[in-house]
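One structure is given here, and the rest of the page talks about it.
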Protein chains: 2
Amino acid sequence: MLRNQGSHSSHHPSYEMIRDKILNGELEGGTKIVEEKLASELGFSRTPIRDSIRRLEYEGLIVRKKVVSPTEKDLRNLFEVRMLLEGSASKAAATFLSDNELEELKECVDIGRNGSFEEIMSANERFHAIIVNASNNDVMINIIDRMQSIIYLFRHTVVFYNRPFLIEEHEDIYNAIKERNAEKAEALMQEHLQKDLEFCLHLLQRRQ
Amino acid sequence: MLRNQGSHSSHHPSYEMIRDKILNGELEGGTKIVEEKLASELGFSRTPIRDSIRRLEYEGLIVRKKVVSPTEKDLRNLFEVRMLLEGSASKAAATFLSDNELEELKECVDIGRNGSFEEIMSANERFHAIIVNASNNDVMINIIDRMQSIIYLFRHTVVFYNRPFLIEEHEDIYNAIKERNAEKAEALMQEHLQKDLEFCLHLLQRRQ
DNA sequence: TTAAAAAATAATGTATACTTTAAAATATTT
DNA sequence: AAATATTTTAAAGTATACATTATTTTTTAA
């Protein structure tokens, strides 16, 4: 469950421990988060645990001392913002991405075809991260970064249930960027995210 | 120095005290932030002060234990994101805003013409807040909210130096929204923010 | 006199005891 | 038995002492 840590200020190990417990489902949505319980469980005092919980609250993974369980609305909202920001970043990627980065992007597409579950998960994350970084905009990178944990929850769904055409869409985006076609890259990224959203919405509904 | 507090989780009074010290210039950019010093100064223990500092770090007002002094790059990055998000919100505003909210928007424009400095400051904030809220997207609202403190620093500059055409631009945006012209509202908002950015950049350069 | 090492100081990180507030369980009244 | 009040318990907030790390100052050697 490797994840890039946020650009700013280092954090206590308990942060990742708690986050991963949430991301891998050990702590499911709705679970009450109790400082003392986590502290004794993880072997730290309450002080660093409090810090970690605060941080997870900022990321939206903990809401009112409970593990978040995102609603359909939350999902739509998140993707609306991603479409705007990652769409814009895709234009920047088409304009500025170096040959090396293009190569790396291509590798992510290929791993998506042949990799193991975990490999596909991180290749997909990397694919989007390369594009977002191309924006060269720390504010934007930061915002997307803070969304990563929640995005992870949904990416997991999309990969686990093997959403059709996911790799093909990544490849189309890659090609548009390679062709330096900024408008096309933006449009394809937005369509891609729209498909992701719809896929997640279907699964979310079926489950209720 | 009234400001809306973030939607989630209440906070300790020291948070606003420290934030306002930064926003009103009592603590200028580059000042070292020392927990114990603030604690004794404000009459609390270090624990809640630490929390407040963490929160301000999260907002970007404190960076590596120092009061932020945004660079030209920071300014451009911030406005790039605002243009995307507030542009999109302007479309939503043109589509969905009620008559009451339209009226309130109009009042903000009028205060911009006749109000005192503080009145103009909060009317301008309110003008943008109404539009952002029209997105009906909590994720977006939250992102903009976290940017508010930094935006405040620049809004202060823009109002203090009486940027030309600011009110006229607000009025144009208001009219586009009233006419339910979503595309025009988006374009005008983006132009408006671009002008704000350029004005701030000029002042930033003159000062160095 | 400068550079490096050592010591001293300051600041943050951590643990923990205590206080206040919120939640749950029990008792009391109708 | 249901609704309200009271007590009890649990959790978060707060203060503070101690530990660790970072920074600054002083000393020493080249």
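We label chains A, B, ... in the order they appear in the structure tokens, count residues from 1 in each chain, and number ligands from 1 in the order shown.
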
Leaving out region 1-18 of chain D and any residue of its chain fewer than 6 positions from it, which residues lie within 8 Å of it when counting only C-alpha atoms (C1' of nucleotides), given as a list of chain:residue names? A:Val34, B:Ser45, B:Thr47, B:Pro48, C:DT19, C:DT20, C:DT21, C:DA22, C:DA23, C:DA24, C:DA25, C:DT26, C:DA27, C:DT28, C:DT29

Taking only C-alpha atoms into account, what are the residues of chain A at most 6 Å from chain B, put as a PyMOL selection string? chain A and resi 77+137+139

Dump of C-alpha atoms for the selected residues, as a PDB file, in the first residue's frame:
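The resulting file, again35.pdb, is shown below:
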```
ATOM      1  CA  ASN A  77     -17.996  16.429  -6.285  1.00  0.00           C
ATOM      2  CA  ASN A 137       1.752  24.072 -10.120  1.00  0.00           C
ATOM      3  CA  VAL A 139      -1.037  24.418  -5.403  1.00  0.00           C
TER       4      VAL A 139
END
```

Neighbours of chain B in chain C at 12 Å, counting only C-alpha atoms (C1' of nucleotides), as a ChimeraX atom specification: /C:10-14

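We find CA of Glu169 (chain A) and CA of Ala89 (chain B) to be spaced 27.6 Å apart.
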
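For region 54-84 of chain A, a DSSP pass over the backbone yields helix (DSSP H, G or I) at Arg54, Arg55, Leu56, Glu57, Tyr58, Glu59, Glu72, Lys73, Asp74, Leu75, Arg76, Asn77, Leu78, Phe79, Glu80, Val81, Arg82, Met83 and Leu84 of chain A.
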
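Reported to one decimal place, the separation of CA of Ser14 (chain A) from CA of Ile49 (chain A) is 6.4 Å.
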
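With only C-alpha atoms as the atoms that count, the residue of A:Ile22, A:Leu102, A:Ala39, A:Ala93 with the shortest distance to Ile131 (chain A) is A:Ala93.
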
Give me every strand (DSSP E or B) residue in chain B, going by DSSP on the backbone, as an MDAnalysis selection string. chainID B and resid 32 62:63 66:67

Atoms to include: C-alpha atoms. Write the selected residues as a PDB file, in the first residue's frame.
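Once written, out-v2.pdb looks like this:
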```
ATOM      1  CA  LYS B  32       9.709  32.492  12.899  1.00  0.00           C
ATOM      2  CA  ILE B  62       2.789  28.980   7.844  1.00  0.00           C
ATOM      3  CA  VAL B  63       5.524  27.108   6.017  1.00  0.00           C
ATOM      4  CA  LYS B  66       7.736  30.592   9.346  1.00  0.00           C
ATOM      5  CA  VAL B  67       5.040  32.986   8.219  1.00  0.00           C
TER       6      VAL B  67
END
```

To one decimal place in Å, what is the distance between CA of Ile18 (chain A) and CA of Val159 (chain A)? 22.8 Å
